[in-house]
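Text of model_10.cif, listed as mmCIF, C-alpha atoms:
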data_query
#
loop_
_atom_site.label_atom_id
_atom_site.label_comp_id
_atom_site.auth_asym_id
_atom_site.auth_seq_id
_atom_site.Cartn_x
_atom_site.Cartn_y
_atom_site.Cartn_z
CA MET A 112 -8.26 -36.53 18.07
CA MET A 113 -4.79 -35.79 16.70
CA HIS A 114 -5.49 -37.82 13.55
CA LEU A 115 -8.74 -35.95 12.95
CA SER A 116 -7.04 -32.52 13.05
CA ARG A 117 -4.37 -33.77 10.62
CA PHE A 118 -7.08 -35.09 8.32
CA VAL A 119 -8.99 -31.78 8.42
CA SER A 120 -5.76 -29.84 7.83
CA PHE A 121 -4.83 -32.12 4.89
CA TRP A 122 -8.36 -31.85 3.47
CA LEU A 123 -8.35 -28.02 3.70
CA CYS A 124 -4.93 -27.82 2.00
CA GLY A 125 -6.20 -30.04 -0.82
CA LEU A 126 -9.33 -27.95 -1.20
CA MET A 127 -7.30 -24.71 -1.35
CA SER A 128 -4.95 -26.23 -3.96
CA LEU A 129 -7.93 -27.26 -6.07
CA PHE A 130 -9.47 -23.78 -5.73
CA CYS A 131 -6.21 -22.06 -6.71
CA ALA A 132 -5.65 -24.38 -9.67
CA THR A 133 -9.19 -23.85 -10.93
CA ARG A 134 -8.92 -20.09 -10.43
CA SER A 135 -5.57 -19.83 -12.22
CA GLN A 136 -7.04 -21.53 -15.29
CA ALA A 137 -9.83 -18.93 -15.41
CA GLN A 138 -7.66 -15.89 -16.04
CA MET A 139 -4.38 -14.70 -17.41
CA LEU A 140 -2.61 -11.37 -16.84
CA THR A 141 -0.75 -9.76 -19.73
CA GLN A 142 1.38 -6.66 -19.58
CA THR A 143 2.68 -4.53 -22.44
CA THR A 144 4.70 -1.31 -22.49
CA THR A 145 4.52 1.27 -25.27
CA GLU A 146 7.19 3.96 -25.53
CA LEU A 147 5.50 7.23 -26.49
CA SER A 148 8.22 9.91 -26.83
CA HIS A 149 10.32 12.30 -24.76
CA GLY A 150 10.66 9.73 -21.94
CA TYR A 151 6.93 8.98 -21.56
CA ARG A 152 5.52 5.47 -21.74
CA VAL A 153 2.23 3.67 -21.19
CA GLN A 154 2.08 0.32 -19.47
CA GLU A 155 -1.10 -1.65 -20.09
CA SER A 156 -2.12 -4.55 -17.88
CA GLN A 157 -4.99 -6.73 -18.99
CA GLN A 158 -6.80 -9.55 -17.24
CA VAL A 159 -8.07 -11.96 -19.86
CA ASN A 160 -10.56 -14.60 -18.80
CA VAL A 161 -11.18 -17.98 -20.37
CA ALA A 162 -14.17 -18.05 -22.73
CA GLY A 163 -17.40 -19.04 -21.05
CA ARG A 164 -16.55 -17.48 -17.70
CA TRP A 165 -18.82 -14.80 -16.29
CA HIS A 166 -15.92 -12.44 -15.45
CA SER A 167 -15.37 -9.43 -17.64
CA ASP A 168 -12.00 -8.58 -19.12
CA LEU A 169 -10.24 -5.80 -17.21
CA ARG A 170 -7.76 -3.39 -18.77
CA PHE A 171 -5.66 -0.81 -16.92
CA LYS A 172 -3.34 1.84 -18.37
CA PHE A 173 -0.55 3.49 -16.40
CA LEU A 174 1.33 6.58 -17.60
CA TYR A 175 4.99 7.03 -16.63
CA PHE A 176 7.65 9.65 -17.25
CA GLU A 177 10.95 7.77 -17.22
CA LYS A 178 10.74 5.84 -13.91
CA ARG A 179 8.18 8.16 -12.32
CA TYR A 180 4.61 6.90 -12.10
CA LEU A 181 2.16 9.65 -13.11
CA CYS A 182 -1.28 8.07 -13.12
CA GLN A 183 -3.66 5.28 -13.86
CA CYS A 184 -5.49 6.98 -16.69
CA THR A 185 -6.96 6.42 -20.12
CA GLU A 186 -7.15 10.06 -21.24
CA PHE A 187 -3.86 11.95 -21.55
CA SER A 188 -2.02 14.25 -23.91
CA ILE A 189 1.69 15.04 -24.17
CA SER A 190 2.88 18.40 -25.52
CA PRO A 191 4.86 18.39 -28.80
CA SER A 192 8.17 19.06 -26.98
CA GLY A 193 7.36 16.66 -24.13
CA LYS A 194 7.70 19.39 -21.49
CA TYR A 195 4.09 18.95 -20.34
CA ALA A 196 1.60 16.13 -20.00
CA VAL A 197 -2.08 16.59 -19.14
CA TYR A 198 -4.15 13.66 -17.90
CA GLN A 199 -7.39 12.70 -16.19
CA ILE A 200 -7.03 10.28 -13.31
CA ASN A 201 -9.08 7.11 -13.78
CA GLY A 202 -12.31 6.96 -11.79
CA SER A 203 -12.44 10.70 -11.09
CA ASN A 204 -12.83 14.03 -12.80
CA ALA A 205 -9.42 15.22 -11.56
CA ILE A 206 -7.26 16.84 -14.26
CA VAL A 207 -3.53 17.02 -13.58
CA SER A 208 -0.68 18.60 -15.51
CA PHE A 209 2.90 17.39 -15.23
CA ASN A 210 5.89 19.67 -15.89
CA ARG A 211 8.86 17.54 -16.90
CA ASP A 212 11.49 20.25 -16.30
CA LYS A 213 10.30 21.01 -12.76
CA ALA A 214 9.30 17.38 -12.06
CA THR A 215 6.01 18.64 -10.57
CA ALA A 216 2.39 17.57 -10.94
CA THR A 217 -0.36 20.17 -10.49
CA LYS A 218 -4.02 19.29 -9.89
CA HIS A 219 -6.49 21.71 -11.52
CA ASP A 220 -9.55 21.89 -9.27
CA LYS A 221 -11.48 24.69 -10.99
CA LEU A 222 -12.15 22.87 -14.26
CA PRO A 223 -15.59 21.63 -15.34
CA SER A 224 -16.67 18.22 -14.09
CA GLY A 225 -16.71 15.64 -16.86
CA LYS A 226 -14.73 13.30 -19.08
CA LEU A 227 -11.68 14.75 -20.80
CA LEU A 228 -12.13 14.31 -24.54
CA GLN A 229 -9.36 16.32 -26.17
CA VAL A 230 -6.39 18.61 -25.47
CA THR A 231 -5.23 21.11 -28.11
CA TRP A 232 -1.76 22.57 -27.58
CA GLY A 233 -1.20 26.26 -28.41
CA LYS A 234 1.84 27.77 -30.10
CA GLN A 235 3.19 28.33 -26.62
CA GLU A 236 2.79 24.94 -25.00
CA ARG A 237 1.73 26.51 -21.73
CA GLN A 238 -1.56 27.50 -23.38
CA ILE A 239 -4.00 24.64 -23.91
CA GLU A 240 -7.66 24.20 -24.76
CA MET A 241 -9.48 21.20 -23.36
CA GLN A 242 -12.80 19.68 -24.26
CA PHE A 243 -14.92 17.85 -21.70
CA ARG A 244 -18.13 15.86 -21.93
CA SER A 245 -20.20 17.46 -19.18
CA ALA A 246 -21.11 15.25 -16.24
CA GLU A 247 -23.47 17.83 -14.83
CA SER A 248 -25.94 18.09 -17.71
CA GLY A 249 -27.91 15.03 -18.71
CA SER A 250 -27.36 15.81 -22.39
CA GLY A 251 -23.59 15.28 -22.25
CA ASP A 252 -22.76 18.68 -23.73
CA VAL A 253 -19.17 19.37 -24.78
CA ILE A 254 -17.51 22.14 -22.77
CA LYS A 255 -14.35 23.95 -23.88
CA LYS A 256 -11.97 25.41 -21.32
CA ARG A 257 -8.63 27.22 -21.73
CA LEU A 258 -5.84 26.75 -19.22
CA THR A 259 -2.33 28.14 -18.73
CA LEU A 260 0.07 25.55 -17.33
CA LYS A 261 2.77 26.26 -14.74
#
Do you think you could lay out the structure here as C-alpha cells?
Amino acid sequence: MMHLSRFVSFWLCGLMSLFCATRSQAQMLTQTTTELSHGYRVQESQQVNVAGRWHSDLRFKFLYFEKRYLCQCTEFSISPSGKYAVYQINGSNAIVSFNRDKATATKHDKLPSGKLLQVTWGKQERQIEMQFRSAESGSGDVIKKRLTLK
C-alpha cells in the first residue's frame, strides 16, 4: 500500500512537471517601459504565444507617475506642463484626472458613457475638451464634452 501511494505521488509530480514544461513553451511574457515626460511612464506587458497555438496575444498598458501606479489603461493624455493626466480605466467607462501637484486622482462620474477618443488641452490646462465614441447609441456617434479639472 505504501509503495502504491509513492508511485501515485511520483506519477503526479511527473505529470505536473510535463504540464508546466509544455505550458512554459507555449507563451512568453515581455515587459517594456517607455518614459513619457514630466515623471510619467507607461509600462507595457505582453503575453506572446508560440505560433500555431489557439491562445490570443494579450497586451496590457499601465500608466505611472514616478512610482505611483495610476491605471491600467490604453487611452490617456498628459497636459503640456505635466500637471494633469486624464485617462480612461481599462474595461470601464470611468474617466479619471490626476493632479500631480496635489497627488490626487478624481473620478468624473457625470461624463457620457463611451470610449475616450481624444483630449484637447486649453490655454489654461484646467480646461479640457474630450471626445467620446458613444456607447449608448448604436451608431457610435462622437460626443464632445468640456470639463474643468481640480
Distance query 10 Å from (11.4, 9.6, -16.3) using all atoms listed in the file, result as a PDB file with C-alpha atoms, in the frame of the given file:
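File produced: result10.pdb:
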ATOM      1  CA  HIS A 149      10.320  12.300 -24.760  1.00  0.00           C
ATOM      2  CA  GLY A 150      10.660   9.730 -21.940  1.00  0.00           C
ATOM      3  CA  TYR A 151       6.930   8.980 -21.560  1.00  0.00           C
ATOM      4  CA  ARG A 152       5.520   5.470 -21.740  1.00  0.00           C
ATOM      5  CA  TYR A 175       4.990   7.030 -16.630  1.00  0.00           C
ATOM      6  CA  PHE A 176       7.650   9.650 -17.250  1.00  0.00           C
ATOM      7  CA  GLU A 177      10.950   7.770 -17.220  1.00  0.00           C
ATOM      8  CA  LYS A 178      10.740   5.840 -13.910  1.00  0.00           C
ATOM      9  CA  ARG A 179       8.180   8.160 -12.320  1.00  0.00           C
ATOM     10  CA  TYR A 180       4.610   6.900 -12.100  1.00  0.00           C
ATOM     11  CA  LEU A 181       2.160   9.650 -13.110  1.00  0.00           C
ATOM     12  CA  ARG A 211       8.860  17.540 -16.900  1.00  0.00           C
ATOM     13  CA  ALA A 214       9.300  17.380 -12.060  1.00  0.00           C
TER      14      ALA A 214
END
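You will find CA of Met241 in chain A at 16.2 Å from CA of Cys184 in chain A.
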(request) Excluding Lys256 in chain A and any residue of its chain fewer than 2 positions from it, enumerate the residues within 7 Å of it, using all atoms listed in the file, and give them as a PyMOL selection string. (result) chain A and resi 240-242+254+258
Can you list, as a compact mmCIF listing (two decimals) with C-alpha atoms, in the coordinates of the input, every protein, DNA or RNA residue that comes within 8 Å of Thr259 in chain A when you count only C-alpha atoms, leaving out same-chain residues fewer than 5 positions away?
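Saved result, selection-v4.txt, follows:
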# COMPACT_ATOMS: atom_id res chain seq x y z
CA ARG A 237 1.73 26.51 -21.73
CA GLN A 238 -1.56 27.50 -23.38
CA ILE A 239 -4.00 24.64 -23.91
(request) Taking the file above as input, evaluate the PyMOL selection byres ((chain A and resi 218) around 7) and report the hits as a list in words. (result)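 Output of the PyMOL selection byres ((chain A and resi 218) around 7): Ala205, Ile206, Val207, Ser208, Ala216, Thr217, His219 and Asp220 of chain A.
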(request) Please provide as a list in words all residues within 9 Å of Arg170 in chain A, with the sequence filter that same-chain residues fewer than 5 positions apart are discarded (counting all atoms listed in the file). (result)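 Answer for this query is Glu155, Ser156, Gln157, Gln158 and Val159 of chain A.
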(message) Using the chain letters and numbers from this file, what does the PyMOL selection byres ((chain A and resi 224) around 9) select? Give the answer as a PyMOL selection string.
(response) chain A and resi 204-205+221-223+225-226+243-247
(request) Could you check how far CA of Leu228 in chain A sits from CA of Val253 in chain A, in Å to one decimal? (result) 8.7 Å
(request) Record the distance separating CA of Ser148 in chain A and CA of Gly202 in chain A, expressed in Å with one decimal. (result)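 Those two atoms sit 25.6 Å apart.
For Tyr195 in chain A, the list of residues within 8 Å, based on all atoms listed in the file and with local chain neighbours fewer than 3 positions off taken out, reads A:Ile189, A:Ser190, A:Ser192, A:Ser208, A:Phe209, A:Asn210, A:Arg211, A:Glu236.
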(message) List the spatial neighbours of Val153 in chain A as a ChimeraX atom specification - criterion: any atom at most 8 Å away, only C-alpha atoms, same-chain residues fewer than 2 positions off excluded.
(response) /A:144-147,151,155,172-175
